[in-house]
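Chemist: My structure file data_11.txt, compact mmCIF, C-alpha atoms, is below:
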```
# COMPACT_ATOMS: atom_id res chain seq x y z
CA MET A 1 0.00 0.00 0.00
CA GLY A 2 2.87 2.32 -0.66
CA ASP A 3 1.12 4.17 -3.45
CA GLY A 4 -2.19 5.01 -1.85
CA ILE A 5 -5.62 3.92 -3.00
CA THR A 6 -5.46 2.55 -6.52
CA LEU A 7 -8.03 1.49 -9.08
CA ASN A 8 -7.82 -2.09 -7.86
CA HIS A 9 -9.01 -1.12 -4.39
CA PHE A 10 -12.28 0.16 -5.84
CA LEU A 11 -12.62 -2.78 -8.23
CA VAL A 12 -12.23 -5.26 -5.39
CA LEU A 13 -14.76 -3.35 -3.30
CA GLY A 14 -17.20 -3.50 -6.21
CA LEU A 15 -16.45 -7.21 -6.59
CA ILE A 16 -17.26 -7.87 -2.93
CA LEU A 17 -20.54 -5.96 -3.21
CA PHE A 18 -21.41 -7.87 -6.39
CA LEU A 19 -20.75 -11.22 -4.73
CA LEU A 20 -22.87 -10.33 -1.70
CA GLY A 21 -25.68 -9.22 -4.01
CA SER A 22 -25.38 -12.40 -6.05
CA TYR A 23 -25.54 -14.52 -2.91
CA CYS A 24 -28.66 -12.60 -1.89
CA VAL A 25 -30.30 -13.22 -5.27
CA LEU A 26 -29.31 -16.89 -5.35
CA THR A 27 -30.44 -17.91 -1.89
CA ARG A 28 -33.38 -15.68 -0.96
CA ARG A 29 -36.87 -17.06 -1.36
CA ASN A 30 -38.49 -13.75 -0.49
CA ALA A 31 -39.11 -11.70 -3.64
CA ILE A 32 -38.30 -8.41 -1.90
CA GLY A 33 -35.00 -9.89 -0.68
CA ILE A 34 -34.13 -10.76 -4.27
CA LEU A 35 -34.82 -7.16 -5.31
CA MET A 36 -32.48 -5.95 -2.55
CA GLY A 37 -29.75 -8.21 -3.93
CA ILE A 38 -30.28 -6.69 -7.37
CA GLU A 39 -29.85 -3.21 -5.89
CA LEU A 40 -26.52 -4.29 -4.40
CA ILE A 41 -25.37 -5.66 -7.77
CA LEU A 42 -26.31 -2.41 -9.53
CA ASN A 43 -24.38 -0.40 -6.96
CA ALA A 44 -21.33 -2.59 -7.47
CA ALA A 45 -21.54 -1.88 -11.21
CA ASN A 46 -21.80 1.84 -10.48
CA ILE A 47 -18.67 1.77 -8.30
CA ASN A 48 -16.81 0.21 -11.22
CA TYR A 49 -18.14 2.84 -13.66
CA LEU A 50 -17.07 5.72 -11.44
CA ALA A 51 -13.70 4.16 -10.60
CA PHE A 52 -12.88 3.72 -14.28
CA ALA A 53 -14.12 7.24 -14.98
CA TYR A 54 -11.92 8.67 -12.23
CA PHE A 55 -8.74 6.72 -12.92
CA GLY A 56 -9.16 6.54 -16.68
CA GLY A 57 -9.50 10.25 -17.29
CA ALA A 58 -12.83 10.32 -19.19
CA ARG A 59 -14.87 11.60 -16.31
CA TYR A 60 -18.31 12.50 -17.54
CA ASP A 61 -19.00 9.40 -19.61
CA GLY A 62 -18.74 7.09 -16.60
CA GLN A 63 -20.76 9.42 -14.40
CA ILE A 64 -23.56 9.64 -16.96
CA PHE A 65 -23.66 5.87 -17.27
CA ALA A 66 -23.90 5.66 -13.49
CA ILE A 67 -26.81 8.12 -13.47
CA PHE A 68 -28.60 6.08 -16.13
CA VAL A 69 -28.09 2.96 -14.03
CA ILE A 70 -29.59 4.69 -10.99
CA MET A 71 -32.52 5.91 -13.11
CA LEU A 72 -33.26 2.45 -14.47
CA ALA A 73 -32.82 0.94 -11.00
CA ALA A 74 -35.61 3.22 -9.79
CA ALA A 75 -37.88 2.08 -12.63
CA GLU A 76 -36.96 -1.54 -11.97
CA ALA A 77 -37.69 -1.23 -8.26
CA VAL A 78 -41.08 0.38 -8.90
CA ILE A 79 -42.15 -2.27 -11.42
CA GLY A 80 -40.72 -5.12 -9.34
CA LEU A 81 -42.50 -4.04 -6.17
CA ALA A 82 -45.75 -3.52 -8.07
CA VAL A 83 -45.51 -7.06 -9.41
CA ILE A 84 -44.73 -8.35 -5.91
CA LEU A 85 -47.79 -6.56 -4.51
CA ALA A 86 -49.97 -8.02 -7.30
CA ILE A 87 -48.64 -11.52 -6.52
CA TYR A 88 -49.29 -10.94 -2.85
CA GLN A 89 -52.86 -9.87 -3.51
CA ASN A 90 -53.51 -13.06 -5.44
CA LEU A 91 -51.49 -15.68 -3.57
CA ARG A 92 -51.16 -14.13 -0.08
CA THR A 93 -47.43 -14.83 -0.13
CA ILE A 94 -44.31 -13.40 -1.75
CA ASP A 95 -42.35 -16.62 -1.59
CA VAL A 96 -41.03 -17.11 -5.12
CA ASP A 97 -41.38 -20.89 -4.81
CA ALA A 98 -45.11 -20.56 -4.26
CA ALA A 99 -45.67 -18.38 -7.34
CA GLU A 100 -45.59 -21.28 -9.76
CA THR A 101 -49.10 -20.99 -11.21
CA LEU A 102 -47.71 -20.74 -14.74
CA SER A 103 -45.52 -23.83 -14.50
CA GLY A 104 -46.91 -26.87 -16.19
CA MET Z 1 -5.61 13.16 -3.89
CA LEU Z 2 -6.01 9.51 -2.93
CA ASN Z 3 -2.35 9.08 -1.98
CA SER Z 4 -2.46 10.61 1.49
CA LEU Z 5 -2.77 8.59 4.64
CA ALA Z 6 -6.04 10.34 5.49
CA ALA Z 7 -7.53 9.23 2.18
CA GLN Z 8 -6.53 5.64 2.89
CA ILE Z 9 -8.08 5.74 6.34
CA ILE Z 10 -11.30 7.25 4.96
CA PHE Z 11 -11.45 4.70 2.14
CA TYR Z 12 -11.03 1.71 4.41
CA PHE Z 13 -13.51 3.13 6.92
CA ILE Z 14 -16.21 3.70 4.28
CA ALA Z 15 -15.46 0.39 2.57
CA ALA Z 16 -15.78 -1.48 5.89
CA ILE Z 17 -19.13 0.20 6.59
CA THR Z 18 -20.39 -0.58 3.09
CA VAL Z 19 -19.32 -4.21 3.08
CA GLY Z 20 -20.58 -4.74 6.62
CA PHE Z 21 -24.04 -3.44 5.85
CA ALA Z 22 -24.12 -5.30 2.53
CA ALA Z 23 -23.27 -8.53 4.37
CA LEU Z 24 -26.12 -7.79 6.77
CA VAL Z 25 -28.44 -7.38 3.76
CA ALA Z 26 -27.29 -10.71 2.35
CA PHE Z 27 -27.17 -12.78 5.52
CA SER Z 28 -29.80 -11.29 7.85
CA ARG Z 29 -32.55 -13.61 9.03
CA ASN Z 30 -35.17 -10.87 9.14
CA ILE Z 31 -36.28 -9.00 6.01
CA VAL Z 32 -36.82 -5.77 8.00
CA TYR Z 33 -33.18 -5.82 9.18
CA SER Z 34 -32.14 -6.39 5.57
CA ALA Z 35 -34.15 -3.38 4.42
CA PHE Z 36 -32.65 -1.09 7.03
CA ALA Z 37 -29.13 -2.41 6.40
CA LEU Z 38 -29.67 -1.53 2.74
CA VAL Z 39 -29.85 2.13 3.83
CA GLY Z 40 -26.39 1.87 5.39
CA ALA Z 41 -24.90 0.04 2.43
CA LEU Z 42 -26.22 2.53 -0.12
CA THR Z 43 -25.08 5.50 1.98
CA GLY Z 44 -21.62 3.96 2.18
CA VAL Z 45 -21.60 3.60 -1.59
CA ALA Z 46 -22.46 7.31 -1.84
CA GLY Z 47 -19.37 8.01 0.28
CA ILE Z 48 -17.29 5.95 -2.15
CA TYR Z 49 -18.69 8.07 -5.01
CA ILE Z 50 -17.54 11.23 -3.23
CA LEU Z 51 -14.06 9.72 -2.82
CA LEU Z 52 -14.11 9.19 -6.59
CA ALA Z 53 -14.84 12.91 -7.11
CA ALA Z 54 -18.38 12.26 -8.39
CA ASP Z 55 -20.29 14.68 -6.21
CA PHE Z 56 -23.39 14.92 -8.42
CA VAL Z 57 -23.77 11.14 -8.70
CA ALA Z 58 -23.36 10.86 -4.92
CA MET Z 59 -26.21 13.32 -4.36
CA VAL Z 60 -28.39 11.49 -6.89
CA GLN Z 61 -27.57 8.26 -5.04
CA VAL Z 62 -28.65 9.70 -1.69
CA LEU Z 63 -31.82 11.27 -3.10
CA LEU Z 64 -32.97 8.42 -5.32
CA TYR Z 65 -31.63 5.29 -3.65
CA VAL Z 66 -31.63 6.11 0.05
CA GLY Z 67 -34.58 8.45 -0.12
CA GLY Z 68 -36.67 6.71 -2.75
CA ILE Z 69 -35.95 3.09 -3.50
CA VAL Z 70 -35.27 1.99 0.07
CA VAL Z 71 -38.38 3.71 1.38
CA LEU Z 72 -40.36 2.03 -1.40
CA THR Z 73 -38.85 -1.31 -0.41
CA LEU Z 74 -39.78 -0.72 3.21
CA PHE Z 75 -43.34 0.08 2.14
CA ALA Z 76 -43.49 -3.20 0.24
CA VAL Z 77 -42.10 -5.07 3.25
CA MET Z 78 -44.72 -3.56 5.52
CA LEU Z 79 -47.58 -4.06 3.05
CA THR Z 80 -46.87 -7.75 2.67
CA GLN Z 81 -47.22 -9.75 5.79
CA GLY Z 82 -45.35 -12.30 7.81
CA ILE Z 83 -42.59 -9.87 8.69
CA GLY Z 84 -42.81 -10.58 12.37
CA ASP Z 85 -42.07 -14.25 11.82
CA VAL Z 86 -38.33 -14.62 11.30
CA ALA Z 87 -38.54 -18.16 9.99
CA VAL Z 88 -40.68 -17.29 6.99
CA SER Z 89 -39.90 -13.63 6.36
CA ASN Z 90 -36.43 -14.12 4.93
CA ARG Z 91 -36.08 -17.79 4.25
CA ALA Z 92 -32.89 -18.68 2.41
CA ALA Z 93 -32.42 -21.88 0.45
CA GLY Z 94 -29.35 -23.52 -1.00
CA ARG Z 95 -26.78 -21.71 1.14
CA PHE Z 96 -24.00 -24.14 0.27
CA ALA Z 97 -24.72 -24.07 -3.46
CA GLY Z 98 -24.93 -20.28 -3.42
CA LEU Z 99 -21.67 -19.94 -1.53
CA SER Z 100 -19.82 -22.26 -3.88
CA VAL Z 101 -21.14 -20.45 -6.95
CA ILE Z 102 -20.10 -17.02 -5.69
CA ALA Z 103 -16.74 -18.35 -4.48
CA LEU Z 104 -16.01 -19.70 -7.96
CA ALA Z 105 -17.24 -16.54 -9.72
CA GLY Z 106 -15.37 -14.35 -7.23
CA ALA Z 107 -12.09 -16.20 -7.74
CA VAL Z 108 -12.32 -15.86 -11.52
CA MET Z 109 -13.24 -12.17 -11.36
CA LEU Z 110 -10.57 -11.37 -8.77
CA TYR Z 111 -7.94 -13.04 -10.94
CA ALA Z 112 -9.12 -11.10 -14.00
CA THR Z 113 -9.22 -7.82 -12.07
CA LEU Z 114 -5.73 -8.11 -10.64
CA ARG Z 115 -4.05 -9.44 -13.78
CA THR Z 116 -5.47 -6.98 -16.31
CA PRO Z 117 -3.22 -4.00 -17.12
CA TRP Z 118 -5.88 -1.28 -16.91
CA HIS Z 119 -5.49 1.91 -18.87
CA LEU Z 120 -4.76 4.64 -16.34
CA ALA Z 121 -4.74 8.38 -16.95
CA THR Z 122 -1.49 10.04 -16.09
CA LYS Z 123 -3.13 12.99 -14.41
CA VAL Z 124 -6.37 12.87 -12.43
CA SER Z 125 -8.30 16.12 -12.19
CA VAL Z 126 -10.76 16.88 -9.42
CA SER Z 127 -13.39 19.60 -9.75
CA ALA Z 128 -17.14 20.10 -9.37
CA THR Z 129 -18.92 17.88 -11.90
CA THR Z 130 -22.45 19.28 -12.13
CA TYR Z 131 -21.63 21.64 -15.00
CA GLY Z 132 -19.99 18.94 -17.09
CA VAL Z 133 -22.68 16.34 -16.38
CA GLY Z 134 -25.43 18.78 -17.33
CA ASN Z 135 -23.67 19.74 -20.55
CA ALA Z 136 -23.14 16.09 -21.46
CA PHE Z 137 -26.79 15.28 -20.81
CA LEU Z 138 -27.99 18.07 -23.10
CA GLY Z 139 -25.26 17.48 -25.68
CA ALA Z 140 -23.89 14.08 -26.59
CA TYR Z 141 -26.37 12.12 -24.46
CA VAL Z 142 -29.58 13.99 -25.21
CA LEU Z 143 -31.27 11.07 -27.03
CA PRO Z 144 -30.71 8.48 -24.21
CA PHE Z 145 -31.83 11.18 -21.78
CA GLU Z 146 -35.16 11.60 -23.56
CA VAL Z 147 -35.64 7.84 -23.94
CA ALA Z 148 -34.99 7.46 -20.22
CA SER Z 149 -37.78 9.92 -19.47
CA LEU Z 150 -40.12 7.82 -21.64
CA VAL Z 151 -39.02 4.69 -19.76
CA LEU Z 152 -39.77 6.36 -16.44
CA LEU Z 153 -43.22 7.41 -17.68
CA ALA Z 154 -43.96 3.86 -18.83
CA ALA Z 155 -42.76 2.48 -15.49
CA LEU Z 156 -44.98 4.95 -13.63
CA ILE Z 157 -48.11 4.01 -15.56
CA GLY Z 158 -47.24 0.33 -15.53
CA ALA Z 159 -46.75 0.26 -11.77
CA VAL Z 160 -50.13 1.92 -11.19
CA VAL Z 161 -51.90 -0.51 -13.55
CA ILE Z 162 -50.19 -3.62 -12.17
CA SER Z 163 -50.61 -2.94 -8.48
CA ARG Z 164 -54.18 -1.60 -8.69
CA GLN Z 165 -56.57 -3.94 -6.96
CA ASP Z 166 -59.47 -4.94 -9.15
CA PRO Z 167 -62.53 -4.61 -6.88
CA GLY Z 168 -64.65 -7.10 -8.86
CA GLN Z 169 -62.11 -9.89 -8.80
CA ALA Z 170 -61.77 -12.27 -5.89
CA PRO Z 171 -58.20 -13.22 -5.01
CA LEU Z 172 -56.95 -16.57 -6.22
CA ALA Z 173 -57.40 -19.13 -3.44
CA PRO Z 174 -54.23 -21.01 -2.62
CA SER Z 175 -54.86 -24.75 -2.66
CA ALA Z 176 -53.84 -26.55 0.49
CA ASP Z 177 -51.34 -29.00 -0.98
CA LYS Z 178 -49.50 -26.73 -3.37
CA PHE Z 179 -49.07 -23.70 -1.16
CA SER Z 180 -48.63 -25.31 2.22
CA ASP Z 181 -45.90 -22.78 3.02
CA ALA Z 182 -48.21 -19.97 2.10
CA ASP Z 183 -50.95 -21.33 4.33
CA LYS Z 184 -48.58 -21.62 7.24
CA LEU Z 185 -47.33 -18.15 6.57
CA SER Z 186 -50.62 -16.37 6.34
CA GLY Z 187 -52.89 -18.83 8.16
CA LYS Z 188 -56.02 -16.97 8.90
CA THR Z 189 -56.02 -14.64 5.90
CA ALA Z 190 -55.48 -17.42 3.39
CA GLY Z 191 -58.34 -19.40 4.90
CA ALA Z 192 -60.59 -16.38 4.78
CA SER Z 193 -59.81 -15.70 1.13
CA ALA Z 194 -60.36 -19.36 0.27
CA LYS Z 195 -63.74 -19.24 1.96
CA LYS Z 196 -64.59 -16.09 0.06
CA ALA Z 197 -63.60 -17.62 -3.26
CA GLY Z 198 -65.51 -20.78 -2.53
CA SER Z 199 -68.79 -19.11 -1.68
```
Here is the file; what I need is its structure written in the form of structure tokens.
Modeler:
Amino acid sequence: MGDGITLNHFLVLGLILFLLGSYCVLTRRNAIGILMGIELILNAANINYLAFAYFGGARYDGQIFAIFVIMLAAAEAVIGLAVILAIYQNLRTIDVDAAETLSG
Amino acid sequence: MLNSLAAQIIFYFIAAITVGFAALVAFSRNIVYSAFALVGALTGVAGIYILLAADFVAMVQVLLYVGGIVVLTLFAVMLTQGIGDVAVSNRAAGRFAGLSVIALAGAVMLYATLRTPWHLATKVSVSATTYGVGNAFLGAYVLPFEVASLVLLAALIGAVVISRQDPGQAPLAPSADKFSDADKLSGKTAGASAKKAGS
């Protein structure tokens, strides 16, 4: 650590966040918990965008991509939670294993 | 800017907070704890953005994520039931399989990250970014910007249509064998809705 905080520090931090989010998505059976894992994954991607923008010199491109990711994450959260509420109204549960009405 | 000892201390402090809260999100037994830990994790990520000299993105993160998405998630947690029961509120399945998958993926990605010779700028400049971001949005990125506004409008209308409760339609009754978990989870309410659908 003689040369301060480098790009790799941020990339590894993003990697850790991505892995925690992936674990959340893989193991949760609660639909809202899965959405939380997706938020963590999107934030890990944003850390990478901003780290590359900062250390790579092209600043605004990475920041604008990060803002688009945040924007689409908001849309995704709204739609996802609306779908979860609709499932809950019909099935009285948000366990993703129980929502198998469409499976043959 | 990031070479000083103070910057290193701040980075490791914020990174520890972020990873700690994110681990709480991933491993917590109770979905309400997960939702509140998400606030801490996303705020820590905003601190990382500020360290990366992205002040505007950090403010957007705090406003939209911490102020909007997490509150929305908490609303959804409170509107759906079973949150008091730890055993059913945040059930996790396949812990071993999940851990092995992310260990494998993490090893591959860590190797790739550390071995790649990234292109690095020789000189890093730090200044306020709002002016440049605004210019880029209304210049080179004006078409994606407008399309994003359309996407948000569609999401708004879609969310209202999807989550609106149709007053004439009785809820689907969960059958006892298929949704035994659901019956255990909601007990009384599921029975009541089944009775209503049957009559």
Chemist: I want to know what sits within 12 Å of range 59-70 of chain Z, based on all atoms listed in the file, with residues of the same chain fewer than 5 positions away left out; could you give that as an NGL selection string?
Modeler: (:A and (32-33 or 35-36 or 38-40 or 42-43 or 46-47 or 63-64 or 66-81)) or (:Z and (32 or 34-50 or 53-54 or 75-77 or 129-130))
Chemist: Pick the closest to Thr27 in chain A from Z:Ile31, Z:Ala93, Z:Leu52, Z:Ile10: which is it, counting all atoms listed in the file?
Modeler: Z:Ala93
Chemist: Please, what distance in Å, to one decimal, runs between CA of Phe10 in chain A and CA of Ala51 in chain A?
Modeler: 6.4 Å
Chemist: So, counting all atoms listed in the file, which residue among Z:Val161, Z:Ala155, Z:Tyr33, Z:Gly134 is closest to chain A?
Modeler: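 Distance minimum relative to chain A lands on Z:Ala155.
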Chemist: Within 9 Å of Gly94 in chain Z, counting all atoms listed in the file, which residues qualify if same-chain residues fewer than 5 places away don't, as a PyMOL selection string?
Modeler: (chain A and resi 26-28) or (chain Z and resi 99)
Chemist: Let's have the selection written as an mmCIF file, in the coordinates of the input, with C-alpha atoms.
Modeler:
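To be explicit, this is the file written out as again13.cif:
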```
data_model
loop_
_atom_site.group_PDB
_atom_site.id
_atom_site.type_symbol
_atom_site.label_atom_id
_atom_site.label_comp_id
_atom_site.auth_asym_id
_atom_site.auth_seq_id
_atom_site.Cartn_x
_atom_site.Cartn_y
_atom_site.Cartn_z
ATOM 1 C CA LEU A 26 -29.310 -16.890 -5.350
ATOM 2 C CA THR A 27 -30.440 -17.910 -1.890
ATOM 3 C CA ARG A 28 -33.380 -15.680 -0.960
ATOM 4 C CA LEU Z 99 -21.670 -19.940 -1.530
#
```
Chemist: So that I can see what lies close to Val12 in chain A, please list as a ChimeraX atom specification the residues with an atom at most 8 Å from it, counting all atoms listed in the file and leaving out residues fewer than 4 positions away in the same chain.
Modeler: /A:8,16 /Z:110,113
Chemist: Rounded to one decimal in Å, what is the spacing between CA of Ala107 in chain Z and CA of Phe52 in chain A?
Modeler: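 If I compute the distance from CA of Ala107 in chain Z to CA of Phe52 in chain A, I get 21.0 Å.
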Chemist: So, with all atoms listed in the file as the atoms that count, which of Z:Leu138, Z:Phe145, Z:Val151, Z:Val126 lies closest to Ala58 in chain A?
Modeler: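 Looking only at the distances to Ala58 in chain A, the closest residue turns out to be Z:Val126.
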Chemist: Between CA of Leu15 in chain A and CA of Ala112 in chain Z, what is the spacing in Å?
Modeler: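 Going from CA of Ala112 in chain Z over to CA of Leu15 in chain A, I get 11.1 Å.
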Chemist: When you look at Ser125 in chain Z with a cut-off of 12 Å (counting only C-alpha atoms), what residues show up, excluding the ones that are within fewer than 3 positions of it in the same chain? I need them as a count of residues only.
Modeler: 17
Chemist: Determine the nearest neighbour of chain Z from the options A:Gly4, A:Gly14, A:Asn48, A:Glu100, counting all atoms listed in the file.
Modeler: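 Nearest to chain Z: A:Gly4.
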Chemist: Extending 5 Å beyond the listed atoms of range 75-85 of chain A on each side, what axis-aligned box results? I want centre and edge lengths in Å to one decimal, as JSON.
Modeler:
```
{"center_x": -42.4, "center_y": -3.1, "center_z": -8.6, "size_x": 20.8, "size_y": 20.4, "size_z": 18.1}
```
Chemist: Using all atoms listed in the file, which of the listed residues (Z:Val71, Z:Ala136, Z:Ile102, Z:Ala15) sits closest to Val25 in chain A?
Modeler: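 Using all atoms listed in the file, the shortest distance to Val25 in chain A belongs to Z:Ile102.
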Chemist: Looking at all atoms listed in the file, which of Z:Leu120, Z:Leu104, Z:Leu24, Z:Ala97 is the one that sits closest to chain A?
Modeler: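 The shortest atom-to-atom distance to chain A comes from Z:Leu120.
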Chemist: How would range 143-165 of chain Z look with N, CA and C atoms restored, written as a CSV table (one decimal), keeping the file's coordinate frame?
Modeler:
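And here's out.csv as it stands now:
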```csv
chain,number,residue,atom,x,y,z
Z,143,LEU,N,-30.3,12.1,-26.6
Z,143,LEU,CA,-31.3,11.1,-27.0
Z,143,LEU,C,-31.5,10.0,-25.9
Z,144,PRO,N,-30.5,9.4,-25.3
Z,144,PRO,CA,-30.7,8.5,-24.2
Z,144,PRO,C,-31.4,9.2,-23.1
Z,145,PHE,N,-31.2,10.4,-22.9
Z,145,PHE,CA,-31.8,11.2,-21.8
Z,145,PHE,C,-33.3,11.2,-22.0
Z,146,GLU,N,-33.7,11.5,-23.3
Z,146,GLU,CA,-35.2,11.6,-23.6
Z,146,GLU,C,-35.8,10.2,-23.5
Z,147,VAL,N,-35.1,9.2,-24.0
Z,147,VAL,CA,-35.6,7.8,-23.9
Z,147,VAL,C,-35.8,7.4,-22.5
Z,148,ALA,N,-34.9,7.8,-21.6
Z,148,ALA,CA,-35.0,7.5,-20.2
Z,148,ALA,C,-36.2,8.1,-19.6
Z,149,SER,N,-36.6,9.3,-20.0
Z,149,SER,CA,-37.8,9.9,-19.5
Z,149,SER,C,-39.0,9.1,-19.9
Z,150,LEU,N,-39.0,8.6,-21.2
Z,150,LEU,CA,-40.1,7.8,-21.6
Z,150,LEU,C,-40.2,6.5,-20.8
Z,151,VAL,N,-39.0,5.9,-20.5
Z,151,VAL,CA,-39.0,4.7,-19.8
Z,151,VAL,C,-39.6,4.9,-18.4
Z,152,LEU,N,-39.2,6.1,-17.8
Z,152,LEU,CA,-39.8,6.4,-16.4
Z,152,LEU,C,-41.3,6.6,-16.5
Z,153,LEU,N,-41.8,7.2,-17.6
Z,153,LEU,CA,-43.2,7.4,-17.7
Z,153,LEU,C,-43.9,6.1,-17.8
Z,154,ALA,N,-43.4,5.2,-18.7
Z,154,ALA,CA,-44.0,3.9,-18.8
Z,154,ALA,C,-43.9,3.1,-17.5
Z,155,ALA,N,-42.8,3.2,-16.8
Z,155,ALA,CA,-42.8,2.5,-15.5
Z,155,ALA,C,-43.8,3.0,-14.5
Z,156,LEU,N,-44.0,4.3,-14.5
Z,156,LEU,CA,-45.0,5.0,-13.6
Z,156,LEU,C,-46.4,4.4,-13.9
Z,157,ILE,N,-46.8,4.5,-15.2
Z,157,ILE,CA,-48.1,4.0,-15.6
Z,157,ILE,C,-48.2,2.5,-15.3
Z,158,GLY,N,-47.2,1.8,-15.7
Z,158,GLY,CA,-47.2,0.3,-15.5
Z,158,GLY,C,-47.4,-0.1,-14.1
Z,159,ALA,N,-46.7,0.6,-13.2
Z,159,ALA,CA,-46.8,0.3,-11.8
Z,159,ALA,C,-48.2,0.5,-11.2
Z,160,VAL,N,-48.8,1.6,-11.7
Z,160,VAL,CA,-50.1,1.9,-11.2
Z,160,VAL,C,-51.1,0.8,-11.7
Z,161,VAL,N,-51.0,0.5,-13.0
Z,161,VAL,CA,-51.9,-0.5,-13.6
Z,161,VAL,C,-51.7,-1.9,-12.9
Z,162,ILE,N,-50.4,-2.3,-12.7
Z,162,ILE,CA,-50.2,-3.6,-12.2
Z,162,ILE,C,-50.7,-3.8,-10.7
Z,163,SER,N,-50.4,-2.8,-9.9
Z,163,SER,CA,-50.6,-2.9,-8.5
Z,163,SER,C,-52.0,-2.5,-8.1
Z,164,ARG,N,-52.8,-2.0,-9.0
Z,164,ARG,CA,-54.2,-1.6,-8.7
Z,164,ARG,C,-55.0,-2.8,-8.4
Z,165,GLN,N,-55.8,-2.8,-7.3
Z,165,GLN,CA,-56.6,-3.9,-7.0
Z,165,GLN,C,-57.9,-3.8,-7.7
```
